[in-house]
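Below is the file start28.pdb, which contains PDB, C-alpha atoms.
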```
ATOM      1  CA  MET A   1       7.980  -0.217   7.736
ATOM      2  CA  ALA A   2      10.503   2.499   6.852
ATOM      3  CA  LYS A   3       9.433   6.133   7.107
ATOM      4  CA  ALA A   4       8.546   7.991   3.922
ATOM      5  CA  TRP A   5      11.110  10.492   2.645
ATOM      6  CA  LYS A   6       9.834  14.016   2.859
ATOM      7  CA  ALA A   7      10.523  16.463   0.051
ATOM      8  CA  LYS A   8      11.969  19.775   1.183
ATOM      9  CA  GLY A   9      11.454  23.066  -0.605
ATOM     10  CA  ILE A  10       7.787  22.704  -1.412
ATOM     11  CA  HIS A  11       6.042  25.997  -2.179
ATOM     12  CA  PRO A  12       2.275  25.844  -1.648
ATOM     13  CA  GLN A  13       1.700  29.034  -3.627
ATOM     14  CA  LEU A  14       3.750  27.918  -6.636
ATOM     15  CA  SER A  15       2.197  25.835  -9.362
ATOM     16  CA  TYR A  16       1.111  22.243  -9.038
ATOM     17  CA  ARG A  17       3.440  21.366 -11.922
ATOM     18  CA  TRP A  18       6.482  22.955 -10.290
ATOM     19  CA  ASN A  19       5.915  21.175  -6.993
ATOM     20  CA  ALA A  20       5.223  17.843  -8.740
ATOM     21  CA  GLN A  21       8.811  17.589  -9.945
ATOM     22  CA  VAL A  22      10.214  18.360  -6.491
ATOM     23  CA  ILE A  23       8.070  15.753  -4.748
ATOM     24  CA  LEU A  24       8.329  12.995  -7.367
ATOM     25  CA  ALA A  25      12.113  13.260  -7.634
ATOM     26  CA  VAL A  26      12.396  12.569  -3.900
ATOM     27  CA  LYS A  27       9.969   9.649  -4.126
ATOM     28  CA  ILE A  28      12.057   8.117  -6.928
ATOM     29  CA  GLN A  29      15.213   8.465  -4.809
ATOM     30  CA  GLU A  30      13.385   6.791  -1.922
ATOM     31  CA  VAL A  31      12.581   3.770  -4.126
ATOM     32  CA  TYR A  32      16.193   3.474  -5.302
ATOM     33  CA  SER A  33      17.552   3.691  -1.761
ATOM     34  CA  TRP A  34      16.601  -0.022  -1.488
ATOM     35  CA  ALA A  35      18.255  -1.050  -4.740
ATOM     36  CA  GLU A  36      21.319  -2.696  -3.236
ATOM     37  CA  SER A  37      19.739  -4.635  -0.406
ATOM     38  CA  ILE A  38      17.116  -6.331  -2.554
ATOM     39  CA  GLN A  39      19.760  -8.294  -4.440
ATOM     40  CA  ASN A  40      19.611 -10.770  -1.565
ATOM     41  CA  PRO A  41      16.382 -12.844  -1.565
ATOM     42  CA  ASP A  42      16.608 -13.292   2.226
ATOM     43  CA  ASN A  43      16.220  -9.552   2.842
ATOM     44  CA  ILE A  44      12.502  -9.864   3.465
ATOM     45  CA  LYS A  45      12.250  -6.574   5.353
ATOM     46  CA  GLU A  46      14.039  -4.597   2.638
ATOM     47  CA  LEU A  47      11.888  -6.121  -0.104
ATOM     48  CA  HIS A  48       8.836  -5.137   1.925
ATOM     49  CA  ASN A  49      10.185  -1.601   2.332
ATOM     50  CA  LEU A  50      10.828  -1.350  -1.400
ATOM     51  CA  ARG A  51       7.238  -2.442  -2.025
ATOM     52  CA  ILE A  52       5.964   0.301   0.278
ATOM     53  CA  SER A  53       8.198   2.935  -1.366
ATOM     54  CA  VAL A  54       7.014   1.844  -4.828
ATOM     55  CA  LYS A  55       3.445   2.126  -3.608
ATOM     56  CA  ARG A  56       4.074   5.653  -2.273
ATOM     57  CA  LEU A  57       5.620   6.687  -5.566
ATOM     58  CA  ARG A  58       2.800   5.127  -7.563
ATOM     59  CA  TYR A  59       0.071   6.905  -5.591
ATOM     60  CA  SER A  60       1.979  10.183  -5.860
ATOM     61  CA  MET A  61       2.337   9.683  -9.620
ATOM     62  CA  GLU A  62      -1.401   9.049  -9.909
ATOM     63  CA  PHE A  63      -2.295  12.432  -8.523
ATOM     64  CA  PHE A  64       0.473  14.254 -10.375
ATOM     65  CA  ALA A  65      -0.255  12.595 -13.745
ATOM     66  CA  ILE A  66      -2.204  15.637 -14.925
ATOM     67  CA  ASN A  67       1.090  17.554 -15.086
ATOM     68  CA  TYR A  68       2.682  15.201 -17.594
ATOM     69  CA  GLY A  69       2.193  13.793 -21.069
ATOM     70  CA  GLU A  70       1.391  10.308 -22.339
ATOM     71  CA  GLU A  71       4.909   8.988 -21.724
ATOM     72  CA  PHE A  72       4.390   9.419 -17.989
ATOM     73  CA  LYS A  73       1.690   6.748 -18.097
ATOM     74  CA  ASP A  74       4.229   4.195 -19.355
ATOM     75  CA  PHE A  75       6.352   4.830 -16.270
ATOM     76  CA  LEU A  76       3.274   4.563 -14.080
ATOM     77  CA  LYS A  77       2.507   1.185 -15.669
ATOM     78  CA  VAL A  78       6.029  -0.069 -14.897
ATOM     79  CA  LEU A  79       5.590   1.005 -11.269
ATOM     80  CA  ALA A  80       2.221  -0.768 -11.035
ATOM     81  CA  ASP A  81       3.812  -3.968 -12.414
ATOM     82  CA  LEU A  82       6.710  -3.761  -9.956
ATOM     83  CA  GLN A  83       4.277  -3.216  -7.112
ATOM     84  CA  GLU A  84       2.359  -6.321  -8.156
ATOM     85  CA  GLN A  85       5.508  -8.442  -8.376
ATOM     86  CA  LEU A  86       6.692  -7.258  -4.976
ATOM     87  CA  GLY A  87       3.197  -7.840  -3.593
ATOM     88  CA  ASP A  88       3.320 -11.465  -4.764
ATOM     89  CA  ILE A  89       6.677 -11.970  -3.025
ATOM     90  CA  HIS A  90       5.341 -10.377   0.156
ATOM     91  CA  ASP A  91       2.208 -12.556   0.075
ATOM     92  CA  CYS A  92       4.379 -15.687  -0.113
ATOM     93  CA  ASP A  93       6.478 -14.443   2.824
ATOM     94  CA  VAL A  94       3.348 -13.812   4.901
ATOM     95  CA  VAL A  95       1.827 -17.194   4.037
ATOM     96  CA  GLU A  96       5.053 -18.998   4.855
ATOM     97  CA  SER A  97       5.250 -17.240   8.202
ATOM     98  CA  VAL A  98       1.590 -18.041   9.043
ATOM     99  CA  LEU A  99       2.025 -21.706   8.061
ATOM    100  CA  SER A 100       5.284 -22.069  10.012
ATOM    101  CA  ASP A 101       3.811 -20.412  13.126
ATOM    102  CA  HIS A 102       0.719 -22.594  12.920
ATOM    103  CA  LEU A 103       2.831 -25.718  12.541
ATOM    104  CA  GLN A 104       4.927 -24.706  15.536
ATOM    105  CA  SER A 105       1.855 -24.102  17.657
ATOM    106  CA  LEU A 106       0.488 -27.542  16.702
ATOM    107  CA  GLN A 107       3.786 -29.105  17.741
ATOM    108  CA  ASP A 108       3.913 -27.124  20.998
ATOM    109  CA  LYS A 109       0.453 -28.318  21.940
ATOM    110  CA  GLY A 110       1.349 -31.852  20.894
ATOM    111  CA  GLU A 111      -1.788 -31.725  18.803
ATOM    112  CA  ALA A 112      -3.113 -33.249  15.671
ATOM    113  CA  GLU A 113      -0.485 -34.786  13.460
ATOM    114  CA  VAL A 114      -3.257 -34.939  10.899
ATOM    115  CA  ASP A 115      -3.374 -31.126  10.810
ATOM    116  CA  ALA A 116       0.358 -30.958  10.217
ATOM    117  CA  LEU A 117      -0.106 -32.976   7.023
ATOM    118  CA  GLY A 118      -2.053 -30.129   5.465
ATOM    119  CA  ILE A 119       0.431 -27.469   6.496
ATOM    120  CA  ASN A 120       3.370 -29.534   5.304
ATOM    121  CA  ALA A 121       1.655 -29.989   1.964
ATOM    122  CA  LEU A 122       1.462 -26.223   1.469
ATOM    123  CA  LEU A 123       4.777 -25.004   2.892
ATOM    124  CA  PRO A 124       7.126 -26.278   0.123
ATOM    125  CA  ARG A 125       4.706 -25.047  -2.505
ATOM    126  CA  TYR A 126       4.855 -21.482  -1.193
ATOM    127  CA  ARG A 127       8.638 -21.624  -0.805
ATOM    128  CA  GLU A 128       8.994 -22.637  -4.446
ATOM    129  CA  MET A 129       6.519 -19.999  -5.552
ATOM    130  CA  ARG A 130       8.400 -17.340  -3.585
ATOM    131  CA  GLU A 131      11.686 -18.264  -5.207
ATOM    132  CA  ALA A 132      10.130 -18.121  -8.688
ATOM    133  CA  LYS A 133       8.443 -14.774  -7.995
ATOM    134  CA  TYR A 134      11.639 -13.314  -6.594
ATOM    135  CA  GLN A 135      13.687 -14.416  -9.612
ATOM    136  CA  ALA A 136      11.096 -12.964 -11.994
ATOM    137  CA  PHE A 137      11.159  -9.679 -10.097
ATOM    138  CA  LEU A 138      14.950  -9.525 -10.036
ATOM    139  CA  GLN A 139      15.097 -10.157 -13.755
ATOM    140  CA  ARG A 140      12.647  -7.306 -14.362
ATOM    141  CA  TRP A 141      14.562  -4.986 -12.034
ATOM    142  CA  LYS A 142      17.858  -5.743 -13.789
ATOM    143  CA  ALA A 143      16.290  -5.205 -17.213
ATOM    144  CA  LEU A 144      15.078  -1.793 -16.049
ATOM    145  CA  GLU A 145      18.550  -0.964 -14.751
ATOM    146  CA  GLU A 146      20.083  -1.916 -18.085
ATOM    147  CA  ALA A 147      17.579   0.340 -19.841
ATOM    148  CA  ASP A 148      18.623   3.235 -17.587
ATOM    149  CA  PHE A 149      15.116   3.425 -16.212
ATOM    150  CA  LYS A 150      15.902   5.625 -13.226
ATOM    151  CA  VAL A 151      17.653   8.292 -15.306
ATOM    152  CA  GLN A 152      14.865   8.313 -17.897
ATOM    153  CA  PHE A 153      12.282   8.462 -15.160
ATOM    154  CA  LEU A 154      13.942  11.441 -13.449
ATOM    155  CA  LYS A 155      14.202  13.214 -16.801
ATOM    156  CA  ILE A 156      10.496  12.807 -17.422
ATOM    157  CA  VAL A 157       9.592  13.930 -13.933
ATOM    158  CA  THR A 158      11.861  16.968 -13.771
ATOM    159  CA  GLY A 159      11.697  17.937 -17.442
ATOM    160  CA  GLU A 160      14.456  17.437 -20.040
ATOM    161  CA  SER A 161      16.360  20.527 -18.928
ATOM    162  CA  GLY A 162      16.353  19.169 -15.393
ATOM    163  CA  THR A 163      15.989  21.030 -12.167
ATOM    164  CA  GLU A 164      18.376  20.996  -9.295
ATOM    165  CA  ALA A 165      18.227  17.732  -7.418
ATOM    166  CA  PRO A 166      15.860  18.320  -4.529
ATOM    167  CA  SER A 167      17.129  17.715  -1.054
ATOM    168  CA  GLN A 168      15.395  15.263   1.197
ATOM    169  CA  GLU A 169      15.139  14.310   4.800
ATOM    170  CA  VAL A 170      14.135  10.968   6.230
TER     171      VAL A 170
ATOM    172  CA  MET B   1      -8.185  -2.624  -6.778
ATOM    173  CA  ALA B   2     -10.689   0.164  -7.380
ATOM    174  CA  LYS B   3      -9.497   2.972  -9.641
ATOM    175  CA  ALA B   4      -8.942   6.295  -7.934
ATOM    176  CA  LEU B   5     -11.772   8.815  -8.352
ATOM    177  CA  ALA B   6     -10.885  11.613 -10.759
ATOM    178  CA  VAL B   7     -10.227  14.932  -9.025
ATOM    179  CA  LYS B   8     -12.125  17.863 -10.501
ATOM    180  CA  ASP B   9     -10.788  21.383 -11.057
ATOM    181  CA  ILE B  10      -7.081  20.775 -10.667
ATOM    182  CA  ALA B  11      -4.616  21.997 -13.300
ATOM    183  CA  PRO B  12      -0.807  22.224 -13.687
ATOM    184  CA  GLU B  13      -0.803  26.019 -13.484
ATOM    185  CA  LYS B  14      -2.992  26.274 -10.376
ATOM    186  CA  ASN B  15      -1.216  26.656  -7.087
ATOM    187  CA  LEU B  16      -0.307  23.545  -5.115
ATOM    188  CA  GLU B  17      -2.393  24.410  -2.092
ATOM    189  CA  GLU B  18      -5.662  24.612  -4.008
ATOM    190  CA  CYS B  19      -4.934  21.346  -5.842
ATOM    191  CA  ALA B  20      -3.887  19.658  -2.600
ATOM    192  CA  ARG B  21      -7.183  20.630  -0.946
ATOM    193  CA  ARG B  22      -9.209  19.283  -3.880
ATOM    194  CA  ILE B  23      -7.237  16.027  -4.002
ATOM    195  CA  ILE B  24      -7.443  15.389  -0.269
ATOM    196  CA  THR B  25     -11.178  16.062  -0.008
ATOM    197  CA  THR B  26     -11.869  13.842  -3.054
ATOM    198  CA  ARG B  27      -9.798  11.035  -1.539
ATOM    199  CA  LEU B  28     -11.657  11.384   1.771
ATOM    200  CA  HIS B  29     -15.038  11.040   0.009
ATOM    201  CA  GLU B  30     -13.701   8.062  -1.918
ATOM    202  CA  MET B  31     -12.473   6.338   1.236
ATOM    203  CA  MET B  32     -15.715   6.885   3.150
ATOM    204  CA  SER B  33     -17.821   5.623   0.211
ATOM    205  CA  PHE B  34     -16.713   2.048   1.028
ATOM    206  CA  ARG B  35     -17.711   2.256   4.672
ATOM    207  CA  GLU B  36     -21.139   0.574   4.492
ATOM    208  CA  GLY B  37     -19.727  -2.368   2.517
ATOM    209  CA  VAL B  38     -16.939  -2.740   5.059
ATOM    210  CA  ILE B  39     -19.398  -2.810   7.962
ATOM    211  CA  ASP B  40     -21.613  -5.321   6.135
ATOM    212  CA  GLY B  41     -18.598  -7.622   5.709
ATOM    213  CA  THR B  42     -20.063  -9.943   3.049
ATOM    214  CA  ASP B  43     -17.821  -8.824   0.183
ATOM    215  CA  ILE B  44     -14.169  -8.704   1.246
ATOM    216  CA  GLU B  45     -13.302  -6.252  -1.553
ATOM    217  CA  TYR B  46     -14.826  -3.337   0.375
ATOM    218  CA  VAL B  47     -12.191  -3.597   3.103
ATOM    219  CA  HIS B  48      -9.497  -3.773   0.427
ATOM    220  CA  ASP B  49     -10.868  -0.777  -1.479
ATOM    221  CA  MET B  50     -11.292   1.333   1.651
ATOM    222  CA  ARG B  51      -7.767   0.496   2.756
ATOM    223  CA  VAL B  52      -6.278   1.378  -0.638
ATOM    224  CA  ALA B  53      -8.271   4.642  -0.645
ATOM    225  CA  SER B  54      -6.920   5.428   2.835
ATOM    226  CA  ARG B  55      -3.373   4.838   1.560
ATOM    227  CA  ARG B  56      -3.968   7.161  -1.369
ATOM    228  CA  LEU B  57      -5.325   9.774   1.033
ATOM    229  CA  ARG B  58      -2.331   9.332   3.339
ATOM    230  CA  ALA B  59       0.104   9.677   0.450
ATOM    231  CA  ALA B  60      -1.564  12.945  -0.566
ATOM    232  CA  MET B  61      -1.623  14.295   2.992
ATOM    233  CA  ARG B  62       2.055  13.515   3.563
ATOM    234  CA  ASN B  63       3.163  14.982   0.246
ATOM    235  CA  PHE B  64       1.177  18.148   0.755
ATOM    236  CA  ALA B  65       1.707  18.566   4.505
ATOM    237  CA  ASP B  66       3.505  21.896   4.026
ATOM    238  CA  CYS B  67       0.309  23.431   2.645
ATOM    239  CA  PHE B  68      -1.602  23.144   5.904
ATOM    240  CA  ALA B  69      -1.759  24.853   9.272
ATOM    241  CA  PRO B  70      -2.201  24.612  12.169
ATOM    242  CA  LYS B  71       0.167  21.658  12.142
ATOM    243  CA  LYS B  72      -1.325  20.153  15.276
ATOM    244  CA  GLU B  73      -4.733  19.848  13.670
ATOM    245  CA  PHE B  74      -3.219  18.500  10.454
ATOM    246  CA  ARG B  75      -1.356  15.822  12.373
ATOM    247  CA  ARG B  76      -4.513  14.858  14.245
ATOM    248  CA  HIS B  77      -6.334  14.233  10.949
ATOM    249  CA  LEU B  78      -3.385  12.310   9.535
ATOM    250  CA  LYS B  79      -3.282  10.126  12.628
ATOM    251  CA  GLN B  80      -6.952   9.241  12.201
ATOM    252  CA  VAL B  81      -6.362   8.235   8.582
ATOM    253  CA  GLU B  82      -3.361   6.147   9.655
ATOM    254  CA  ARG B  83      -5.574   4.448  12.223
ATOM    255  CA  ILE B  84      -8.123   3.619   9.525
ATOM    256  CA  THR B  85      -5.414   2.049   7.307
ATOM    257  CA  SER B  86      -3.969   0.040  10.132
ATOM    258  CA  THR B  87      -7.291  -1.186  11.569
ATOM    259  CA  LEU B  88      -8.514  -2.274   8.138
ATOM    260  CA  GLY B  89      -5.126  -3.899   7.526
ATOM    261  CA  GLY B  90      -5.711  -6.359  10.359
ATOM    262  CA  VAL B  91      -8.953  -7.531   8.739
ATOM    263  CA  ARG B  92      -7.632  -7.442   5.173
ATOM    264  CA  ASP B  93      -4.619  -9.647   5.942
ATOM    265  CA  LEU B  94      -6.944 -12.333   7.293
ATOM    266  CA  ASP B  95      -9.365 -11.992   4.363
ATOM    267  CA  VAL B  96      -6.493 -12.615   1.941
ATOM    268  CA  LEU B  97      -5.216 -15.638   3.866
ATOM    269  CA  ILE B  98      -8.664 -17.221   4.223
ATOM    270  CA  ASP B  99      -9.401 -16.694   0.532
ATOM    271  CA  ARG B 100      -6.046 -18.180  -0.448
ATOM    272  CA  PHE B 101      -6.309 -21.271   1.773
ATOM    273  CA  GLN B 102      -9.890 -21.868   0.636
ATOM    274  CA  LYS B 103      -8.526 -22.204  -2.887
ATOM    275  CA  ASP B 104      -5.543 -24.285  -1.731
ATOM    276  CA  VAL B 105      -7.560 -26.798   0.264
ATOM    277  CA  LEU B 106      -8.889 -28.512  -2.833
ATOM    278  CA  THR B 107      -5.433 -28.869  -4.340
ATOM    279  CA  VAL B 108      -3.823 -30.893  -1.519
ATOM    280  CA  PRO B 109      -4.261 -34.686  -1.004
ATOM    281  CA  VAL B 110      -7.528 -35.671   0.694
ATOM    282  CA  ASP B 111      -5.831 -36.717   3.952
ATOM    283  CA  ALA B 112      -4.154 -33.296   4.173
ATOM    284  CA  GLN B 113      -7.343 -31.284   3.615
ATOM    285  CA  ILE B 114      -8.547 -31.438   7.221
ATOM    286  CA  GLY B 115      -5.403 -29.634   8.425
ATOM    287  CA  VAL B 116      -5.956 -26.770   5.993
ATOM    288  CA  GLN B 117      -9.682 -26.648   6.866
ATOM    289  CA  ASN B 118      -8.801 -26.340  10.548
ATOM    290  CA  LEU B 119      -6.359 -23.541   9.793
ATOM    291  CA  ILE B 120      -9.084 -21.720   7.850
ATOM    292  CA  GLY B 121     -11.427 -22.124  10.831
ATOM    293  CA  HIS B 122      -8.784 -20.692  13.124
ATOM    294  CA  LEU B 123      -8.261 -17.693  10.822
ATOM    295  CA  GLN B 124     -12.003 -17.103  10.522
ATOM    296  CA  THR B 125     -12.245 -16.868  14.314
ATOM    297  CA  GLU B 126      -9.374 -14.396  14.288
ATOM    298  CA  ARG B 127     -11.067 -12.369  11.547
ATOM    299  CA  LYS B 128     -14.219 -12.087  13.624
ATOM    300  CA  ALA B 129     -12.138 -10.836  16.531
ATOM    301  CA  GLN B 130     -10.327  -8.313  14.287
ATOM    302  CA  ARG B 131     -13.625  -6.820  13.143
ATOM    303  CA  THR B 132     -14.531  -5.786  16.701
ATOM    304  CA  PRO B 133     -11.913  -2.995  16.978
ATOM    305  CA  MET B 134     -12.921  -1.962  13.461
ATOM    306  CA  PHE B 135     -16.541  -1.393  14.529
ATOM    307  CA  LYS B 136     -15.294   0.486  17.578
ATOM    308  CA  MET B 137     -13.163   2.681  15.335
ATOM    309  CA  PHE B 138     -16.139   3.602  13.135
ATOM    310  CA  GLU B 139     -18.187   4.425  16.224
ATOM    311  CA  GLU B 140     -15.459   6.694  17.541
ATOM    312  CA  LEU B 141     -15.028   8.394  14.170
ATOM    313  CA  ASP B 142     -18.743   9.145  14.151
ATOM    314  CA  LYS B 143     -18.762  10.349  17.729
ATOM    315  CA  SER B 144     -15.897  12.752  17.067
ATOM    316  CA  ASN B 145     -17.453  14.041  13.793
ATOM    317  CA  PHE B 146     -14.260  13.032  12.017
ATOM    318  CA  GLU B 147     -15.568  13.410   8.468
ATOM    319  CA  GLU B 148     -17.146  16.813   9.028
ATOM    320  CA  LYS B 149     -14.123  18.244  10.836
ATOM    321  CA  PHE B 150     -11.748  16.790   8.249
ATOM    322  CA  LEU B 151     -13.654  18.344   5.360
ATOM    323  CA  ARG B 152     -13.883  21.697   7.129
ATOM    324  CA  PHE B 153     -10.110  21.741   7.623
ATOM    325  CA  PHE B 154      -9.230  20.777   4.052
ATOM    326  CA  GLU B 155     -12.008  22.407   2.019
ATOM    327  CA  VAL B 156     -10.975  24.894  -0.695
TER     328      VAL B 156
END
```

Just give me the structure of the file as structure tokens.
Amino acid sequence: MAKAWKAKGIHPQLSYRWNAQVILAVKIQEVYSWAESIQNPDNIKELHNLRISVKRLRYSMEFFAINYGEEFKDFLKVLADLQEQLGDIHDCDVVESVLSDHLQSLQDKGEAEVDALGINALLPRYREMREAKYQAFLQRWKALEEADFKVQFLKIVTGESGTEAPSQEV
Amino acid sequence: MAKALAVKDIAPEKNLEECARRIITTRLHEMMSFREGVIDGTDIEYVHDMRVASRRLRAAMRNFADCFAPKKEFRRHLKQVERITSTLGGVRDLDVLIDRFQKDVLTVPVDAQIGVQNLIGHLQTERKAQRTPMFKMFEELDKSNFEEKFLRFFEV
């Protein structure tokens, strides 16, 4: 799991609202740092890291929501949906890995061909499901890109006038 | 997933440190409220809810780290929360797999069902084993007065 990006320039004695924009802008950048590598369905680790970054952003948005208007909730909803889609992909990856490992261990022990029947019945099902879930996610991601989601999101978070882009360290 | 508890007395114009303290202590209470259900183990949702609450707490602690000193003590509390997430994660992963395969077993041909049943049995044994370090963790948290010390450090 990749480390969370840490926002620099936080001022504990300044307002909650002011600090919200600094922290959220960095969390959004963290999410988009995975944008390129997730175009390949075989990048399981990167998709997992994106899921974790989306989760971090979502939880941060939940506790900063008080600083923003109704529109913010729409962005939060998009994040929750993305998290769910990525969660479904991850679940399929985990199941496939568990089934494959189990099958291998059955073969290594020279045990129970009968057991392998069950595992072999499930494996192709999860592979197909994973492919479908990935394609659905990618379609959603591309639609958001076409709608300029990131730019709109940053505008909402930092205010229309915009603040200086916060620096970040990994 | 359980909805996050609302945090009282925070406002955009209040300073970050005060809000951070209120958020973190609320999230701690939320996380610990699932503890008895987790120990009981009958309903798998308690482990899930406690783990999600621990992630919310972790996210808050990391975002607001600059508000707290001494750093050494802050890091010690964060490490404990990370341990809670990770220990519960081991149990949760197995809960999800068992639940999933229990649904799947009825959807495969009859001659293939025994293989899935045996896999479920194997995972249930693993789950039992994963709950042992979890009980140990709760014991150690109690022994070290984790909750009390945590609240004292973060209270407003």

From B:Asp111, B:Glu126, B:Asp43, B:Glu155, residue lying nearest chain A [all atoms listed in the file]: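 Checking each candidate against chain A, we get B:Asp111 as the closest.
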
Interface list for chain B, partner chain A, 8 Å threshold, all atoms listed in the file, as a list in words: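 Listed by rising number, the hits are Ala11, Pro12, Glu13, Lys14, Asn15, Leu16, Glu17, Cys19, Ile23, Arg56, Ala59, Ala60, Arg62, Asn63, Asp66, Cys67, Leu97, Asp104, Val108, Asp111, Ala112, Gln113, Ile114, Gly115, Val116, Asn118 and Leu119 of chain B.
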
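CA of Lys45 in chain A sits 13.6 Å away from CA of Ser33 in chain A.
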
Atomic separation - CA of Arg35 in chain B relative to CA of Asp99 in chain B, Å: 21.1 Å

From A:Leu79, A:Ser97, A:Phe72, A:Val157, residue lying nearest Val22 in chain A [only C-alpha atoms]: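 Among A:Leu79, A:Ser97, A:Phe72, A:Val157, it is A:Val157 that comes nearest to Val22 in chain A.
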
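Minimum atom-to-atom distances from B:Ala4, B:Gln80, B:Thr25, B:Ala53 to Asp142 in chain B were compared using all atoms listed in the file, and the lowest value belongs to B:Gln80.
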
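When the PyMOL selection byres ((chain A and resi 135) around 12) is evaluated on the file shown here, the picked residues come out as Ile38, Gln39, Asn40, Pro41, Gln85, Leu86, Asp88, Ile89, Glu128, Met129, Arg130, Glu131, Ala132, Lys133, Tyr134, Ala136, Phe137, Leu138, Gln139, Arg140, Trp141 and Lys142 of chain A.
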
Could you write out as JSON the box around range 92-95 of chain B (axis-aligned, all atoms listed in the file, 4 Å on each side), with centre and edge lengths in Å to one decimal?
```
{"center_x": -7.0, "center_y": -9.9, "center_z": 5.8, "size_x": 12.7, "size_y": 12.9, "size_z": 10.9}
```

Separation of CA of Gly121 in chain B from CA of Lys103 in chain B in Å: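 CA of Gly121 in chain B lies at a distance of 14.0 Å from CA of Lys103 in chain B.
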
Pick from B:His122, B:Arg83, B:Arg100, B:His77 nearest to Lys149 in chain B, counting all atoms listed in the file: B:His77
